[in-house]
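S.K.: Pasting query.pdb below, which is PDB, C-alpha atoms and all ligand atoms.
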```
ATOM      1  CA  MET H 112    -103.004 124.673 138.640  1.00  0.00           C
ATOM      2  CA  LEU H 113    -104.220 121.568 136.862  1.00  0.00           C
ATOM      3  CA  SER H 114    -101.405 119.458 138.279  1.00  0.00           C
ATOM      4  CA  ALA H 115    -102.061 120.804 141.765  1.00  0.00           C
ATOM      5  CA  GLU H 116    -105.745 119.892 141.483  1.00  0.00           C
ATOM      6  CA  LEU H 117    -104.811 116.376 140.407  1.00  0.00           C
ATOM      7  CA  ALA H 118    -102.297 115.938 143.214  1.00  0.00           C
ATOM      8  CA  ARG H 119    -104.791 117.259 145.798  1.00  0.00           C
ATOM      9  CA  ALA H 120    -107.367 114.801 144.465  1.00  0.00           C
ATOM     10  CA  GLY H 121    -104.939 111.993 145.344  1.00  0.00           C
ATOM     11  CA  VAL H 122    -103.655 111.175 141.849  1.00  0.00           C
ATOM     12  CA  PRO H 123    -100.201 109.581 142.321  1.00  0.00           C
ATOM     13  CA  GLY H 124     -97.171 110.314 140.124  1.00  0.00           C
ATOM     14  CA  VAL H 125     -98.293 113.660 138.688  1.00  0.00           C
ATOM     15  CA  VAL H 126     -95.783 115.112 136.219  1.00  0.00           C
ATOM     16  CA  ALA H 127     -96.384 118.805 135.455  1.00  0.00           C
ATOM     17  CA  LEU H 128     -94.807 119.720 132.153  1.00  0.00           C
ATOM     18  CA  ASP H 129     -94.390 123.251 130.784  1.00  0.00           C
ATOM     19  CA  ILE H 130     -91.835 124.793 128.471  1.00  0.00           C
ATOM     20  CA  ASP H 131     -91.811 128.119 130.359  1.00  0.00           C
ATOM     21  CA  ALA H 132     -89.370 128.328 133.281  1.00  0.00           C
ATOM     22  CA  ASP H 133     -91.151 131.286 134.947  1.00  0.00           C
ATOM     23  CA  VAL H 134     -94.536 129.566 134.866  1.00  0.00           C
ATOM     24  CA  LEU H 135     -93.048 126.473 136.456  1.00  0.00           C
ATOM     25  CA  ALA H 136     -91.210 128.452 139.127  1.00  0.00           C
ATOM     26  CA  ARG H 137     -94.401 130.300 140.130  1.00  0.00           C
ATOM     27  CA  ALA H 138     -96.454 127.104 140.139  1.00  0.00           C
ATOM     28  CA  LYS H 139     -93.857 125.252 142.144  1.00  0.00           C
ATOM     29  CA  SER H 140     -93.676 127.882 144.877  1.00  0.00           C
ATOM     30  CA  ARG H 141     -97.474 128.354 144.952  1.00  0.00           C
ATOM     31  CA  HIS H 142     -98.091 124.621 145.315  1.00  0.00           C
ATOM     32  CA  ALA H 143     -95.073 123.692 147.416  1.00  0.00           C
ATOM     33  CA  GLY H 144     -95.674 120.601 149.504  1.00  0.00           C
ATOM     34  CA  LEU H 145     -97.670 118.742 146.896  1.00  0.00           C
ATOM     35  CA  SER H 146     -96.202 115.584 145.426  1.00  0.00           C
ATOM     36  CA  ILE H 147     -95.616 116.787 141.858  1.00  0.00           C
ATOM     37  CA  ASP H 148     -92.687 116.258 139.528  1.00  0.00           C
ATOM     38  CA  TRP H 149     -92.236 119.725 137.911  1.00  0.00           C
ATOM     39  CA  VAL H 150     -90.566 119.356 134.508  1.00  0.00           C
ATOM     40  CA  GLN H 151     -89.432 122.172 132.253  1.00  0.00           C
ATOM     41  CA  ALA H 152     -89.460 120.687 128.763  1.00  0.00           C
ATOM     42  CA  ASP H 153     -90.924 120.990 125.324  1.00  0.00           C
ATOM     43  CA  LEU H 154     -93.817 118.595 124.887  1.00  0.00           C
ATOM     44  CA  PHE H 155     -92.224 117.486 121.622  1.00  0.00           C
ATOM     45  CA  ALA H 156     -88.829 116.763 123.126  1.00  0.00           C
ATOM     46  CA  PRO H 157     -88.033 113.236 124.341  1.00  0.00           C
ATOM     47  CA  ALA H 158     -90.393 112.350 127.206  1.00  0.00           C
ATOM     48  CA  PRO H 159     -89.286 112.803 130.824  1.00  0.00           C
ATOM     49  CA  GLY H 160     -88.197 109.419 132.119  1.00  0.00           C
ATOM     50  CA  GLY H 161     -87.309 108.061 128.681  1.00  0.00           C
ATOM     51  CA  ASN H 162     -90.004 105.965 127.065  1.00  0.00           C
ATOM     52  CA  ARG H 163     -92.268 106.119 130.096  1.00  0.00           C
ATOM     53  CA  LEU H 164     -95.955 105.749 129.282  1.00  0.00           C
ATOM     54  CA  PHE H 165     -98.601 107.509 131.357  1.00  0.00           C
ATOM     55  CA  ASP H 166    -102.029 106.406 132.589  1.00  0.00           C
ATOM     56  CA  ALA H 167    -103.462 109.744 131.528  1.00  0.00           C
ATOM     57  CA  VAL H 168    -102.386 112.838 129.666  1.00  0.00           C
ATOM     58  CA  VAL H 169    -104.432 115.875 130.648  1.00  0.00           C
ATOM     59  CA  SER H 170    -104.176 119.335 129.212  1.00  0.00           C
ATOM     60  CA  VAL H 171    -106.039 122.561 129.954  1.00  0.00           C
ATOM     61  CA  ALA H 172    -105.850 125.611 127.687  1.00  0.00           C
ATOM     62  CA  SER H 173    -102.608 124.462 126.071  1.00  0.00           C
ATOM     63  CA  LEU H 174    -103.385 122.682 122.794  1.00  0.00           C
ATOM     64  CA  HIS H 175    -103.818 125.991 120.917  1.00  0.00           C
ATOM     65  CA  HIS H 176    -100.258 126.966 121.900  1.00  0.00           C
ATOM     66  CA  PHE H 177     -98.778 124.498 119.401  1.00  0.00           C
ATOM     67  CA  ASP H 178     -99.777 122.629 116.267  1.00  0.00           C
ATOM     68  CA  ALA H 179    -102.930 120.811 117.355  1.00  0.00           C
ATOM     69  CA  ARG H 180    -102.447 117.762 115.135  1.00  0.00           C
ATOM     70  CA  ALA H 181     -98.879 117.246 116.341  1.00  0.00           C
ATOM     71  CA  GLY H 182    -100.009 117.867 119.928  1.00  0.00           C
ATOM     72  CA  LEU H 183    -102.793 115.282 119.856  1.00  0.00           C
ATOM     73  CA  ILE H 184    -100.477 112.724 118.267  1.00  0.00           C
ATOM     74  CA  ARG H 185     -97.893 113.456 120.966  1.00  0.00           C
ATOM     75  CA  PHE H 186    -100.473 113.098 123.753  1.00  0.00           C
ATOM     76  CA  SER H 187    -101.558 109.714 122.397  1.00  0.00           C
ATOM     77  CA  GLU H 188     -97.928 108.531 122.090  1.00  0.00           C
ATOM     78  CA  LEU H 189     -97.287 109.307 125.763  1.00  0.00           C
ATOM     79  CA  MET H 190    -100.125 107.100 126.968  1.00  0.00           C
ATOM     80  CA  ARG H 191    -100.181 103.464 127.895  1.00  0.00           C
ATOM     81  CA  PRO H 192    -102.728 101.239 126.134  1.00  0.00           C
ATOM     82  CA  GLY H 193    -106.053 101.727 127.932  1.00  0.00           C
ATOM     83  CA  GLY H 194    -104.970 105.162 129.165  1.00  0.00           C
ATOM     84  CA  VAL H 195    -106.942 108.355 128.690  1.00  0.00           C
ATOM     85  CA  VAL H 196    -106.264 111.643 126.951  1.00  0.00           C
ATOM     86  CA  ALA H 197    -108.400 114.461 128.370  1.00  0.00           C
ATOM     87  CA  VAL H 198    -108.180 117.948 126.925  1.00  0.00           C
ATOM     88  CA  VAL H 199    -109.930 121.213 127.697  1.00  0.00           C
ATOM     89  CA  GLY H 200    -109.002 123.504 124.840  1.00  0.00           C
ATOM     90  CA  LEU H 201    -109.820 126.890 123.376  1.00  0.00           C
ATOM     91  CA  ALA H 202    -111.313 127.362 119.929  1.00  0.00           C
ATOM     92  CA  ALA H 203    -112.194 130.336 117.753  1.00  0.00           C
ATOM     93  CA  ASN H 204    -115.751 131.165 116.732  1.00  0.00           C
ATOM     94  CA  ASP H 205    -116.937 131.310 113.165  1.00  0.00           C
ATOM     95  CA  TRP H 206    -120.117 133.231 112.326  1.00  0.00           C
ATOM     96  CA  ARG H 207    -122.323 130.214 113.180  1.00  0.00           C
ATOM     97  CA  ASP H 208    -121.024 130.264 116.758  1.00  0.00           C
ATOM     98  CA  LEU H 209    -121.809 133.900 117.454  1.00  0.00           C
ATOM     99  CA  PRO H 210    -125.307 133.375 118.970  1.00  0.00           C
ATOM    100  CA  LEU H 211    -123.789 130.952 121.492  1.00  0.00           C
ATOM    101  CA  GLU H 212    -121.140 133.504 122.461  1.00  0.00           C
ATOM    102  CA  VAL H 213    -123.605 136.202 123.534  1.00  0.00           C
ATOM    103  CA  LEU H 214    -124.194 134.799 127.024  1.00  0.00           C
ATOM    104  CA  PRO H 215    -120.491 134.161 127.877  1.00  0.00           C
ATOM    105  CA  HIS H 216    -119.644 137.614 126.524  1.00  0.00           C
ATOM    106  CA  CYS H 217    -122.216 139.215 128.878  1.00  0.00           C
ATOM    107  CA  VAL H 218    -120.941 137.169 131.844  1.00  0.00           C
ATOM    108  CA  ARG H 219    -117.332 138.154 131.113  1.00  0.00           C
ATOM    109  CA  PHE H 220    -118.305 141.803 130.720  1.00  0.00           C
ATOM    110  CA  GLY H 221    -120.276 141.708 133.988  1.00  0.00           C
ATOM    111  CA  ALA H 222    -117.375 140.079 135.835  1.00  0.00           C
ATOM    112  CA  LYS H 223    -115.008 142.792 134.582  1.00  0.00           C
ATOM    113  CA  MET H 224    -117.407 145.548 135.613  1.00  0.00           C
ATOM    114  CA  MET H 225    -117.693 144.055 139.109  1.00  0.00           C
ATOM    115  CA  GLY H 226    -113.939 143.606 139.445  1.00  0.00           C
ATOM    116  CA  ARG H 227    -114.364 139.832 139.626  1.00  0.00           C
ATOM    117  CA  TYR H 228    -112.429 138.988 136.465  1.00  0.00           C
ATOM    118  CA  TRP H 229    -109.346 136.854 136.970  1.00  0.00           C
ATOM    119  CA  GLU H 230    -106.606 136.291 134.410  1.00  0.00           C
ATOM    120  CA  HIS H 231    -103.810 133.744 134.798  1.00  0.00           C
ATOM    121  CA  SER H 232    -100.180 134.807 134.396  1.00  0.00           C
ATOM    122  CA  ALA H 233     -99.055 132.101 131.941  1.00  0.00           C
ATOM    123  CA  PRO H 234     -98.232 132.939 128.305  1.00  0.00           C
ATOM    124  CA  THR H 235    -101.339 133.308 126.138  1.00  0.00           C
ATOM    125  CA  VAL H 236    -102.135 132.698 122.480  1.00  0.00           C
ATOM    126  CA  TRP H 237    -105.156 134.607 121.171  1.00  0.00           C
ATOM    127  CA  PRO H 238    -107.196 134.111 119.130  1.00  0.00           C
ATOM    128  CA  PRO H 239    -106.979 130.312 119.006  1.00  0.00           C
ATOM    129  CA  PRO H 240    -105.906 129.241 115.508  1.00  0.00           C
ATOM    130  CA  LEU H 241    -108.647 126.622 114.963  1.00  0.00           C
ATOM    131  CA  THR H 242    -112.417 126.999 115.055  1.00  0.00           C
ATOM    132  CA  TYR H 243    -114.678 124.608 116.965  1.00  0.00           C
ATOM    133  CA  ARG H 244    -115.509 122.774 113.753  1.00  0.00           C
ATOM    134  CA  GLN H 245    -111.877 122.442 112.755  1.00  0.00           C
ATOM    135  CA  VAL H 246    -110.961 121.073 116.190  1.00  0.00           C
ATOM    136  CA  LYS H 247    -113.815 118.569 116.099  1.00  0.00           C
ATOM    137  CA  GLN H 248    -112.850 117.327 112.657  1.00  0.00           C
ATOM    138  CA  LEU H 249    -109.142 117.152 113.465  1.00  0.00           C
ATOM    139  CA  ALA H 250    -109.658 115.339 116.772  1.00  0.00           C
ATOM    140  CA  GLY H 251    -111.970 112.792 115.108  1.00  0.00           C
ATOM    141  CA  THR H 252    -109.273 112.067 112.531  1.00  0.00           C
ATOM    142  CA  VAL H 253    -106.291 111.841 114.890  1.00  0.00           C
ATOM    143  CA  LEU H 254    -108.099 110.131 117.796  1.00  0.00           C
ATOM    144  CA  PRO H 255    -110.794 107.911 116.276  1.00  0.00           C
ATOM    145  CA  GLY H 256    -113.773 107.541 118.621  1.00  0.00           C
ATOM    146  CA  VAL H 257    -112.884 110.690 120.606  1.00  0.00           C
ATOM    147  CA  ARG H 258    -115.698 112.302 122.613  1.00  0.00           C
ATOM    148  CA  TYR H 259    -115.880 115.948 121.634  1.00  0.00           C
ATOM    149  CA  ARG H 260    -117.992 118.470 123.543  1.00  0.00           C
ATOM    150  CA  ARG H 261    -118.476 122.150 122.973  1.00  0.00           C
ATOM    151  CA  HIS H 262    -118.581 124.420 126.028  1.00  0.00           C
ATOM    152  CA  PHE H 263    -119.098 128.110 126.713  1.00  0.00           C
ATOM    153  CA  PHE H 264    -116.248 130.631 127.042  1.00  0.00           C
ATOM    154  CA  SER H 265    -114.494 129.418 123.865  1.00  0.00           C
ATOM    155  CA  ARG H 266    -113.910 126.019 125.492  1.00  0.00           C
ATOM    156  CA  TYR H 267    -114.284 122.489 124.188  1.00  0.00           C
ATOM    157  CA  SER H 268    -113.318 119.154 125.692  1.00  0.00           C
ATOM    158  CA  LEU H 269    -111.920 115.953 124.248  1.00  0.00           C
ATOM    159  CA  VAL H 270    -111.783 112.565 125.959  1.00  0.00           C
ATOM    160  CA  TRP H 271    -110.158 109.602 124.272  1.00  0.00           C
ATOM    161  CA  SER H 272    -109.040 106.174 125.470  1.00  0.00           C
ATOM    162  CA  ARG H 273    -106.119 104.522 123.775  1.00  0.00           C
ATOM    163  CA  PRO H 274    -107.238 101.047 122.696  1.00  0.00           C
ATOM    164  CA  ALA H 275    -105.805  98.409 125.036  1.00  0.00           C
TER     165      ALA H 275
HETATM  166  C1  LIG Q 301    -102.630 128.837 129.350  1.00  0.00           C
HETATM  167  S1  LIG Q 301    -101.273 127.924 129.909  1.00  0.00           S
HETATM  168  C2  LIG Q 301    -101.968 126.430 130.596  1.00  0.00           C
HETATM  169  C3  LIG Q 301    -102.164 126.493 132.090  1.00  0.00           C
HETATM  170  C4  LIG Q 301    -102.146 125.129 132.781  1.00  0.00           C
HETATM  171  N1  LIG Q 301    -102.949 124.159 132.088  1.00  0.00           N
HETATM  172  C5  LIG Q 301    -102.607 125.209 134.229  1.00  0.00           C
HETATM  173  O1  LIG Q 301    -103.536 124.511 134.632  1.00  0.00           O
HETATM  174  O2  LIG Q 301    -102.003 125.979 134.990  1.00  0.00           O
HETATM  175  C6  LIG Q 301    -100.521 127.234 128.446  1.00  0.00           C
HETATM  176  C7  LIG Q 301     -99.117 126.764 128.734  1.00  0.00           C
HETATM  177  O3  LIG Q 301     -98.628 125.984 127.638  1.00  0.00           O
HETATM  178  C8  LIG Q 301     -97.222 126.095 127.674  1.00  0.00           C
HETATM  179  N2  LIG Q 301     -96.637 125.589 126.410  1.00  0.00           N
HETATM  180  C9  LIG Q 301     -96.711 126.153 125.193  1.00  0.00           C
HETATM  181  N3  LIG Q 301     -96.045 125.410 124.281  1.00  0.00           N
HETATM  182  C10 LIG Q 301     -95.527 124.343 124.954  1.00  0.00           C
HETATM  183  C11 LIG Q 301     -94.718 123.223 124.561  1.00  0.00           C
HETATM  184  N4  LIG Q 301     -94.312 123.038 123.284  1.00  0.00           N
HETATM  185  N5  LIG Q 301     -94.353 122.323 125.503  1.00  0.00           N
HETATM  186  C12 LIG Q 301     -94.758 122.484 126.801  1.00  0.00           C
HETATM  187  N6  LIG Q 301     -95.526 123.526 127.228  1.00  0.00           N
HETATM  188  C13 LIG Q 301     -95.897 124.450 126.305  1.00  0.00           C
HETATM  189  C14 LIG Q 301     -97.003 127.587 127.925  1.00  0.00           C
HETATM  190  O4  LIG Q 301     -95.710 127.855 128.441  1.00  0.00           O
HETATM  191  C15 LIG Q 301     -98.135 127.917 128.920  1.00  0.00           C
HETATM  192  O5  LIG Q 301     -97.679 127.937 130.253  1.00  0.00           O
END
```
Show me, as structure tokens, the structure contained in the file I just sent.
Ligand SMILES: C[S@@+](CC[C@H](N)C(=O)[O-])C[C@H]1O[C@@H](n2cnc3c(N)ncnc32)[C@H](O)[C@@H]1O

M.R.:
Amino acid sequence: MLSAELARAGVPGVVALDIDADVLARAKSRHAGLSIDWVQADLFAPAPGGNRLFDAVVSVASLHHFDARAGLIRFSELMRPGGVVAVVGLAANDWRDLPLEVLPHCVRFGAKMMGRYWEHSAPTVWPPPLTYRQVKQLAGTVLPGVRYRRHFFSRYSLVWSRPA
């Protein structure tokens, strides 16, 4: 879905990488006609296209599927100097986060009651292994100067530019 959005927005040379063959097959048929290079591979395996460096590495709801430190290091390795890593990830709540979770919980509950709740069909990992605070600290260590933001619905975002 993310790759399709990027391709529709006119981003050239989109490479959609996922380790799961079924996910890729569904995505490919759903978004047929878009200019996307669908690659079934492990993120930690040698990069598609050899030592190719990318202008941007973007990831939605995936970082909690593997070791986050290794994942962030891998993202940064795949990027050309001056390129951008952008991540929307999922984090776990600790007790200090609970007040902020009340509203999203009510919205989710309401959506389910009204039959408006949608769930994707990709593999899931739940709960996320790291809390918001752990993600923030880890990202600041691995990607110095990263912009971290906390969002509702267990989400956070990270944006980091590799120094030119
Ligand atoms: C919740 S989905 C992300 C959905 C995707 N961002 C989108 O926009 O459609 C997480 C995906 O991470 C993939 N994944 C998990 N470990 C991986 C790895 N080591 N290398 C590549 N993909 C991996 C899973 O197969 C799963 O499809």

S.K.: Starting from the shown file, work through the PyMOL selection byres (((chain H and resi 268) around 9) and not hetatm) and note down what comes out as a list in words.

M.R.: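 In the shown coordinates, the PyMOL selection byres (((chain H and resi 268) around 9) and not hetatm) covers Ala197, Val198, Val199, Gly200, Leu201, Arg258, Tyr259, Arg260, Arg261, His262, Arg266, Tyr267, Leu269 and Val270 of chain H.
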
S.K.: Would you kindly translate the PyMOL selection byres (((chain H and resi 228-231) around 12) and not hetatm) into the concrete residues it picks from this file, as a tab-separated table (two decimals) with C-alpha atoms, in the coordinates of the input?

M.R.:
```tsv
chain	number	residue	atom	x	y	z
H	112	MET	CA	-103.00	124.67	138.64
H	134	VAL	CA	-94.54	129.57	134.87
H	137	ARG	CA	-94.40	130.30	140.13
H	138	ALA	CA	-96.45	127.10	140.14
H	172	ALA	CA	-105.85	125.61	127.69
H	218	VAL	CA	-120.94	137.17	131.84
H	219	ARG	CA	-117.33	138.15	131.11
H	220	PHE	CA	-118.30	141.80	130.72
H	221	GLY	CA	-120.28	141.71	133.99
H	222	ALA	CA	-117.38	140.08	135.84
H	223	LYS	CA	-115.01	142.79	134.58
H	224	MET	CA	-117.41	145.55	135.61
H	225	MET	CA	-117.69	144.06	139.11
H	226	GLY	CA	-113.94	143.61	139.44
H	227	ARG	CA	-114.36	139.83	139.63
H	232	SER	CA	-100.18	134.81	134.40
H	233	ALA	CA	-99.06	132.10	131.94
H	234	PRO	CA	-98.23	132.94	128.30
H	235	THR	CA	-101.34	133.31	126.14
```

S.K.: Give me the residues of chain H that have any atom at most 7 Å from an atom of ligand LIG 301 (chain Q); for each, the nearest atom pair and the distance in Å, rounded to one decimal. Use all atoms listed in the file, sort by chain and number, and format it as CSV.

M.R.:
```
residue,atom,partner,partner_atom,distance
H:Met112,CA,Q:LIG301,O2,4.0
H:Leu113,CA,Q:LIG301,O1,3.8
H:Ser114,CA,Q:LIG301,O1,6.6
H:Leu128,CA,Q:LIG301,C12,6.0
H:Asp129,CA,Q:LIG301,N6,3.7
H:Ile130,CA,Q:LIG301,C12,4.1
H:Asp131,CA,Q:LIG301,O4,4.4
H:Val134,CA,Q:LIG301,O5,5.8
H:Ala152,CA,Q:LIG301,C12,5.9
H:Asp153,CA,Q:LIG301,N5,3.7
H:Leu154,CA,Q:LIG301,N5,3.8
H:Phe155,CA,Q:LIG301,N4,6.2
H:Ser170,CA,Q:LIG301,N1,5.7
H:Val171,CA,Q:LIG301,N1,4.1
H:Ala172,CA,Q:LIG301,C1,4.9
H:Ser173,CA,Q:LIG301,C6,4.2
H:His176,CA,Q:LIG301,C9,4.9
H:Phe177,CA,Q:LIG301,N3,5.7
H:Ala233,CA,Q:LIG301,O5,4.7
H:Pro234,CA,Q:LIG301,C15,5.1
H:Thr235,CA,Q:LIG301,C1,5.7
```

S.K.: Report, in Å with one decimal, the straight-line distance from CA of Arg119 (chain H) to CA of Pro157 (chain H).

M.R.: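 CA of Arg119 (chain H) sits 27.5 Å away from CA of Pro157 (chain H).
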
S.K.: Record the distance separating CA of Leu241 (chain H) and CA of Leu209 (chain H), expressed in Å with one decimal.

M.R.: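 Distance reported for this atom pair: 15.2 Å.
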